[in-house]
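As provided, data-v2.pdb (PDB, C-alpha atoms and all ligand atoms) reads as follows.
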ATOM      1  CA  MET A   1     -14.327  12.112  -3.217  1.00  0.00           C
ATOM      2  CA  LEU A   2     -11.583   9.863  -1.904  1.00  0.00           C
ATOM      3  CA  LYS A   3     -12.203   6.680   0.071  1.00  0.00           C
ATOM      4  CA  LEU A   4      -9.543   5.016   2.197  1.00  0.00           C
ATOM      5  CA  THR A   5      -9.455   2.196   4.691  1.00  0.00           C
ATOM      6  CA  ARG A   6      -8.552   3.114   8.249  1.00  0.00           C
ATOM      7  CA  HIS A   7      -5.381   1.059   7.803  1.00  0.00           C
ATOM      8  CA  ASP A   8      -4.164   3.022   4.752  1.00  0.00           C
ATOM      9  CA  TYR A   9      -5.176   6.338   6.294  1.00  0.00           C
ATOM     10  CA  ASP A  10      -3.276   5.629   9.515  1.00  0.00           C
ATOM     11  CA  SER A  11      -0.298   4.304   7.567  1.00  0.00           C
ATOM     12  CA  LEU A  12       0.220   7.425   5.456  1.00  0.00           C
ATOM     13  CA  ARG A  13      -0.220   9.689   8.490  1.00  0.00           C
ATOM     14  CA  GLN A  14       2.300   7.602  10.416  1.00  0.00           C
ATOM     15  CA  HIS A  15       4.709   7.887   7.482  1.00  0.00           C
ATOM     16  CA  GLY A  16       4.668  11.672   7.969  1.00  0.00           C
ATOM     17  CA  GLU A  17       5.486  11.254  11.648  1.00  0.00           C
ATOM     18  CA  GLU A  18       8.377   8.922  10.856  1.00  0.00           C
ATOM     19  CA  THR A  19      10.042  11.276   8.367  1.00  0.00           C
ATOM     20  CA  TYR A  20       9.466  14.409  10.470  1.00  0.00           C
ATOM     21  CA  PRO A  21      10.947  17.063  10.280  1.00  0.00           C
ATOM     22  CA  HIS A  22      11.222  16.111   6.605  1.00  0.00           C
ATOM     23  CA  GLU A  23       8.334  15.625   4.236  1.00  0.00           C
ATOM     24  CA  CYS A  24       7.190  12.138   3.395  1.00  0.00           C
ATOM     25  CA  CYS A  25       5.618  11.221   0.088  1.00  0.00           C
ATOM     26  CA  GLY A  26       3.826   8.273  -1.379  1.00  0.00           C
ATOM     27  CA  ILE A  27       1.352   6.986  -3.914  1.00  0.00           C
ATOM     28  CA  LEU A  28      -2.292   5.936  -3.595  1.00  0.00           C
ATOM     29  CA  LEU A  29      -3.385   2.985  -5.728  1.00  0.00           C
ATOM     30  CA  GLY A  30      -6.871   1.676  -6.350  1.00  0.00           C
ATOM     31  CA  ARG A  31      -9.821   2.173  -8.662  1.00  0.00           C
ATOM     32  CA  VAL A  32     -12.167   4.914  -9.798  1.00  0.00           C
ATOM     33  CA  ASP A  33     -15.871   4.123  -9.418  1.00  0.00           C
ATOM     34  CA  ASP A  34     -18.512   5.168 -11.954  1.00  0.00           C
ATOM     35  CA  ASP A  35     -19.444   8.217  -9.871  1.00  0.00           C
ATOM     36  CA  GLY A  36     -15.821   9.399  -9.922  1.00  0.00           C
ATOM     37  CA  THR A  37     -15.019   8.326  -6.365  1.00  0.00           C
ATOM     38  CA  ARG A  38     -11.421   7.216  -6.020  1.00  0.00           C
ATOM     39  CA  VAL A  39     -11.190   4.117  -3.851  1.00  0.00           C
ATOM     40  CA  VAL A  40      -7.741   3.450  -2.409  1.00  0.00           C
ATOM     41  CA  MET A  41      -6.815  -0.242  -2.240  1.00  0.00           C
ATOM     42  CA  SER A  42      -3.164   0.153  -1.270  1.00  0.00           C
ATOM     43  CA  THR A  43      -0.542   2.788  -0.605  1.00  0.00           C
ATOM     44  CA  ALA A  44       3.137   2.820  -1.542  1.00  0.00           C
ATOM     45  CA  ARG A  45       5.739   4.754   0.407  1.00  0.00           C
ATOM     46  CA  CYS A  46       8.305   6.591  -1.672  1.00  0.00           C
ATOM     47  CA  SER A  47      11.658   7.948  -0.724  1.00  0.00           C
ATOM     48  CA  ASN A  48      11.853  11.720  -0.934  1.00  0.00           C
ATOM     49  CA  THR A  49      14.584  12.367  -3.504  1.00  0.00           C
ATOM     50  CA  ARG A  50      14.920  16.027  -2.566  1.00  0.00           C
ATOM     51  CA  THR A  51      17.862  16.454  -0.257  1.00  0.00           C
ATOM     52  CA  ASP A  52      18.305  20.193  -0.677  1.00  0.00           C
ATOM     53  CA  SER A  53      15.061  21.227   0.968  1.00  0.00           C
ATOM     54  CA  ALA A  54      13.305  18.089   2.184  1.00  0.00           C
ATOM     55  CA  HIS A  55      11.298  19.985   4.805  1.00  0.00           C
ATOM     56  CA  ASN A  56       9.130  21.794   2.291  1.00  0.00           C
ATOM     57  CA  ARG A  57       9.596  20.022  -1.034  1.00  0.00           C
ATOM     58  CA  TYR A  58       9.047  16.514  -2.162  1.00  0.00           C
ATOM     59  CA  ASN A  59       9.868  14.623  -5.273  1.00  0.00           C
ATOM     60  CA  ILE A  60       9.158  11.060  -6.266  1.00  0.00           C
ATOM     61  CA  ASP A  61      11.870   9.303  -8.244  1.00  0.00           C
ATOM     62  CA  PRO A  62      10.383   8.673 -11.718  1.00  0.00           C
ATOM     63  CA  LYS A  63      11.837   5.150 -11.778  1.00  0.00           C
ATOM     64  CA  GLU A  64      10.170   4.394  -8.471  1.00  0.00           C
ATOM     65  CA  LEU A  65       6.896   5.804  -9.804  1.00  0.00           C
ATOM     66  CA  VAL A  66       7.008   3.591 -12.887  1.00  0.00           C
ATOM     67  CA  ARG A  67       7.785   0.510 -10.800  1.00  0.00           C
ATOM     68  CA  ILE A  68       4.934   1.197  -8.367  1.00  0.00           C
ATOM     69  CA  GLN A  69       2.564   1.819 -11.277  1.00  0.00           C
ATOM     70  CA  ARG A  70       3.556  -1.477 -12.917  1.00  0.00           C
ATOM     71  CA  GLU A  71       3.252  -3.471  -9.698  1.00  0.00           C
ATOM     72  CA  GLY A  72      -0.155  -1.894  -9.091  1.00  0.00           C
ATOM     73  CA  ARG A  73      -1.409  -2.852 -12.534  1.00  0.00           C
ATOM     74  CA  GLU A  74      -0.393  -6.453 -11.896  1.00  0.00           C
ATOM     75  CA  ARG A  75      -2.848  -6.357  -8.974  1.00  0.00           C
ATOM     76  CA  GLY A  76      -5.486  -4.555 -11.049  1.00  0.00           C
ATOM     77  CA  GLU A  77      -4.862  -1.184  -9.384  1.00  0.00           C
ATOM     78  CA  ASP A  78      -4.192   2.199 -10.934  1.00  0.00           C
ATOM     79  CA  ILE A  79      -2.585   5.286  -9.480  1.00  0.00           C
ATOM     80  CA  VAL A  80      -5.448   7.352  -8.039  1.00  0.00           C
ATOM     81  CA  GLY A  81      -3.474   9.872  -6.026  1.00  0.00           C
ATOM     82  CA  PHE A  82      -0.416  11.021  -4.166  1.00  0.00           C
ATOM     83  CA  TYR A  83       0.237  12.010  -0.585  1.00  0.00           C
ATOM     84  CA  HIS A  84       2.817  14.038   1.258  1.00  0.00           C
ATOM     85  CA  SER A  85       3.261  15.751   4.602  1.00  0.00           C
ATOM     86  CA  HIS A  86       3.722  19.351   5.675  1.00  0.00           C
ATOM     87  CA  PRO A  87       5.988  19.442   8.726  1.00  0.00           C
ATOM     88  CA  ASP A  88       4.843  22.313  10.964  1.00  0.00           C
ATOM     89  CA  HIS A  89       2.705  23.764   8.192  1.00  0.00           C
ATOM     90  CA  PRO A  90      -1.043  23.616   7.535  1.00  0.00           C
ATOM     91  CA  ALA A  91      -2.606  20.868   5.432  1.00  0.00           C
ATOM     92  CA  GLN A  92      -3.099  23.257   2.524  1.00  0.00           C
ATOM     93  CA  TRP A  93      -1.460  23.020  -0.881  1.00  0.00           C
ATOM     94  CA  SER A  94       1.323  25.423  -1.743  1.00  0.00           C
ATOM     95  CA  SER A  95       1.953  27.055  -5.112  1.00  0.00           C
ATOM     96  CA  THR A  96       4.828  24.575  -5.535  1.00  0.00           C
ATOM     97  CA  ASP A  97       2.409  21.711  -4.901  1.00  0.00           C
ATOM     98  CA  LEU A  98       0.153  23.018  -7.662  1.00  0.00           C
ATOM     99  CA  ASP A  99       3.083  23.585 -10.036  1.00  0.00           C
ATOM    100  CA  GLU A 100       4.298  20.032  -9.502  1.00  0.00           C
ATOM    101  CA  ALA A 101       0.872  18.364  -9.744  1.00  0.00           C
ATOM    102  CA  HIS A 102       0.335  16.871 -13.193  1.00  0.00           C
ATOM    103  CA  TRP A 103      -2.068  13.976 -12.748  1.00  0.00           C
ATOM    104  CA  PHE A 104      -5.520  15.276 -13.624  1.00  0.00           C
ATOM    105  CA  GLY A 105      -8.378  13.533 -11.877  1.00  0.00           C
ATOM    106  CA  CYS A 106      -6.078  12.294  -9.130  1.00  0.00           C
ATOM    107  CA  SER A 107      -6.171  13.114  -5.424  1.00  0.00           C
ATOM    108  CA  TYR A 108      -3.426  15.015  -3.655  1.00  0.00           C
ATOM    109  CA  LEU A 109      -3.522  14.293   0.047  1.00  0.00           C
ATOM    110  CA  ILE A 110      -1.677  16.522   2.507  1.00  0.00           C
ATOM    111  CA  THR A 111      -1.143  15.820   6.208  1.00  0.00           C
ATOM    112  CA  SER A 112       0.142  18.491   8.522  1.00  0.00           C
ATOM    113  CA  VAL A 113       2.612  17.145  11.057  1.00  0.00           C
ATOM    114  CA  GLU A 114       2.922  19.428  14.067  1.00  0.00           C
ATOM    115  CA  LYS A 115       5.958  18.817  16.262  1.00  0.00           C
ATOM    116  CA  GLY A 116       6.138  15.239  15.042  1.00  0.00           C
ATOM    117  CA  LYS A 117       2.416  14.399  15.474  1.00  0.00           C
ATOM    118  CA  ALA A 118       0.093  13.995  12.476  1.00  0.00           C
ATOM    119  CA  GLY A 119      -2.661  16.628  12.572  1.00  0.00           C
ATOM    120  CA  ILE A 120      -5.218  17.442   9.894  1.00  0.00           C
ATOM    121  CA  THR A 121      -5.285  15.501   6.627  1.00  0.00           C
ATOM    122  CA  ASN A 122      -6.921  17.181   3.627  1.00  0.00           C
ATOM    123  CA  SER A 123      -7.431  15.969   0.099  1.00  0.00           C
ATOM    124  CA  PHE A 124      -7.517  17.954  -3.134  1.00  0.00           C
ATOM    125  CA  GLU A 125      -8.456  16.812  -6.602  1.00  0.00           C
ATOM    126  CA  LEU A 126      -6.411  18.122  -9.510  1.00  0.00           C
ATOM    127  CA  THR A 127      -9.041  19.470 -11.895  1.00  0.00           C
ATOM    128  CA  GLY A 128      -8.779  21.236 -15.218  1.00  0.00           C
ATOM    129  CA  THR A 129      -7.610  20.204 -18.647  1.00  0.00           C
ATOM    130  CA  ASP A 130      -4.036  21.431 -18.909  1.00  0.00           C
ATOM    131  CA  GLU A 131      -1.292  23.351 -17.122  1.00  0.00           C
ATOM    132  CA  SER A 132      -2.962  26.720 -17.746  1.00  0.00           C
ATOM    133  CA  ASP A 133      -6.288  26.058 -16.026  1.00  0.00           C
ATOM    134  CA  LYS A 134      -5.409  23.382 -13.490  1.00  0.00           C
ATOM    135  CA  ARG A 135      -6.524  23.751  -9.873  1.00  0.00           C
ATOM    136  CA  LEU A 136      -6.384  21.784  -6.655  1.00  0.00           C
ATOM    137  CA  GLN A 137      -9.956  21.570  -5.445  1.00  0.00           C
ATOM    138  CA  ASP A 138     -11.074  20.535  -1.924  1.00  0.00           C
ATOM    139  CA  GLU A 139     -12.607  17.107  -1.852  1.00  0.00           C
ATOM    140  CA  PRO A 140     -14.171  15.013   0.924  1.00  0.00           C
ATOM    141  CA  VAL A 141     -12.279  12.079   2.404  1.00  0.00           C
ATOM    142  CA  GLU A 142     -14.120   9.054   3.711  1.00  0.00           C
ATOM    143  CA  VAL A 143     -12.225   6.749   6.053  1.00  0.00           C
ATOM    144  CA  GLY A 144     -13.557   3.342   6.981  1.00  0.00           C
TER     145      GLY A 144
HETATM  146 ZN    ZN B 201       3.200  20.408  -0.101  1.00  0.00          ZN
END

Would you kindly transcribe this structure into structure tokens?
Ligand SMILES: [Zn+2]
Amino acid sequence: MLKLTRHDYDSLRQHGEETYPHECCGILLGRVDDDGTRVVMSTARCSNTRTDSAHNRYNIDPKELVRIQREGRERGEDIVGFYHSHPDHPAQWSSTDLDEAHWFGCSYLITSVEKGKAGITNSFELTGTDESDKRLQDEPVEVG
């Protein structure tokens, strides 16, 4: 399960509206509770480095990722997930999304943006032990 404040939830959905018709992407930082719930304490917007096909692919600059991770740790926060948008596509992961997901135990949040307006937001946890058995599994999102 993933928990977010209304502020962070609205912010990442708005990010998708701002970058429409291109995908947005960003990082969720926070903590993992004893029961495995990921609690988001802040979000970081990333620039989509893919210029060839930014409407259906996203890529976070590794340098940006490392910087955001370091700044998070200074506040006592870890990376607990990632988010991106699907312009005019459902909030379901694609085979590319699964291929490019490598952070086990993290949440992958997808917001569909229909004609510039944020629609459904779904979250998936990357489960499994390695590249051969990994899956993106539906997980509940609690906002508030
Ligand atoms: Zn995607």

Inset, instruction - Could you give me, as a ChimeraX atom specification, every polymer residue with an atom at most 8 Å away from an atom of ligand ZN 201 (chain B), counting all atoms listed in the file? - result: /A:56-58,84-86,92-94,96-97,110

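The set of residues that the PyMOL selection byres (((chain A and resi 37) around 12) and not hetatm) takes from this file is Met1, Leu2, Lys3, Leu4, Gly30, Arg31, Val32, Asp33, Asp34, Asp35, Gly36, Arg38, Val39, Val40, Val80, Gly81, Gly105, Cys106, Ser107, Glu125, Glu139, Pro140, Val141 and Glu142 of chain A.
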
Legend entry - Test item: the PyMOL selection byres (((chain A and resi 111) around 12) and not hetatm) resolved as a VMD selection string: chain A and resid 9 to 17 20 23 to 26 82 to 93 108 to 110 112 to 114 116 to 124

Pull C-alpha atoms from the residues just selected and write them as a PDB file, in the frame of the given file.
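This is the output file out_19.pdb:
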ATOM      1  CA  TYR A   9      -5.176   6.338   6.294  1.00  0.00           C
ATOM      2  CA  ASP A  10      -3.276   5.629   9.515  1.00  0.00           C
ATOM      3  CA  SER A  11      -0.298   4.304   7.567  1.00  0.00           C
ATOM      4  CA  LEU A  12       0.220   7.425   5.456  1.00  0.00           C
ATOM      5  CA  ARG A  13      -0.220   9.689   8.490  1.00  0.00           C
ATOM      6  CA  GLN A  14       2.300   7.602  10.416  1.00  0.00           C
ATOM      7  CA  HIS A  15       4.709   7.887   7.482  1.00  0.00           C
ATOM      8  CA  GLY A  16       4.668  11.672   7.969  1.00  0.00           C
ATOM      9  CA  GLU A  17       5.486  11.254  11.648  1.00  0.00           C
ATOM     10  CA  TYR A  20       9.466  14.409  10.470  1.00  0.00           C
ATOM     11  CA  GLU A  23       8.334  15.625   4.236  1.00  0.00           C
ATOM     12  CA  CYS A  24       7.190  12.138   3.395  1.00  0.00           C
ATOM     13  CA  CYS A  25       5.618  11.221   0.088  1.00  0.00           C
ATOM     14  CA  GLY A  26       3.826   8.273  -1.379  1.00  0.00           C
ATOM     15  CA  PHE A  82      -0.416  11.021  -4.166  1.00  0.00           C
ATOM     16  CA  TYR A  83       0.237  12.010  -0.585  1.00  0.00           C
ATOM     17  CA  HIS A  84       2.817  14.038   1.258  1.00  0.00           C
ATOM     18  CA  SER A  85       3.261  15.751   4.602  1.00  0.00           C
ATOM     19  CA  HIS A  86       3.722  19.351   5.675  1.00  0.00           C
ATOM     20  CA  PRO A  87       5.988  19.442   8.726  1.00  0.00           C
ATOM     21  CA  ASP A  88       4.843  22.313  10.964  1.00  0.00           C
ATOM     22  CA  HIS A  89       2.705  23.764   8.192  1.00  0.00           C
ATOM     23  CA  PRO A  90      -1.043  23.616   7.535  1.00  0.00           C
ATOM     24  CA  ALA A  91      -2.606  20.868   5.432  1.00  0.00           C
ATOM     25  CA  GLN A  92      -3.099  23.257   2.524  1.00  0.00           C
ATOM     26  CA  TRP A  93      -1.460  23.020  -0.881  1.00  0.00           C
ATOM     27  CA  TYR A 108      -3.426  15.015  -3.655  1.00  0.00           C
ATOM     28  CA  LEU A 109      -3.522  14.293   0.047  1.00  0.00           C
ATOM     29  CA  ILE A 110      -1.677  16.522   2.507  1.00  0.00           C
ATOM     30  CA  SER A 112       0.142  18.491   8.522  1.00  0.00           C
ATOM     31  CA  VAL A 113       2.612  17.145  11.057  1.00  0.00           C
ATOM     32  CA  GLU A 114       2.922  19.428  14.067  1.00  0.00           C
ATOM     33  CA  GLY A 116       6.138  15.239  15.042  1.00  0.00           C
ATOM     34  CA  LYS A 117       2.416  14.399  15.474  1.00  0.00           C
ATOM     35  CA  ALA A 118       0.093  13.995  12.476  1.00  0.00           C
ATOM     36  CA  GLY A 119      -2.661  16.628  12.572  1.00  0.00           C
ATOM     37  CA  ILE A 120      -5.218  17.442   9.894  1.00  0.00           C
ATOM     38  CA  THR A 121      -5.285  15.501   6.627  1.00  0.00           C
ATOM     39  CA  ASN A 122      -6.921  17.181   3.627  1.00  0.00           C
ATOM     40  CA  SER A 123      -7.431  15.969   0.099  1.00  0.00           C
ATOM     41  CA  PHE A 124      -7.517  17.954  -3.134  1.00  0.00           C
TER      42      PHE A 124
END

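Take the candidates A:Ile27, A:Ser42, A:Gly144, A:Asp99 and check each one against Val66 (chain A) using only C-alpha atoms; the shortest distance goes to A:Ile27.
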
Legend entry - Using only C-alpha atoms: which of A:Leu28, A:Lys115, A:Arg70, A:Glu131 has the shortest distance to Glu100 (chain A):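 The closest residue to Glu100 (chain A) is A:Glu131.
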
Inset, instruction - Considering all atoms listed in the file, return as a PyMOL selection string whatever protein or nucleic-acid residues lie within 12 Å of Pro62 (chain A), sequence-local ones (same chain, fewer than 2 positions apart) excluded. - result: chain A and resi 46-49+59-60+64-69

Legend entry - Separation of CA of Arg45 (chain A) from CA of Leu98 (chain A), in Å and rounded to one decimal: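 Result for CA of Arg45 (chain A) versus CA of Leu98 (chain A): 20.7 Å, one decimal.
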
Inset, instruction - For CA of Gly76 (chain A) and CA of Leu126 (chain A), determine how far apart the two atoms are, in Å to one decimal place. - result: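 Between CA of Gly76 (chain A) and CA of Leu126 (chain A) the gap works out to 22.7 Å.
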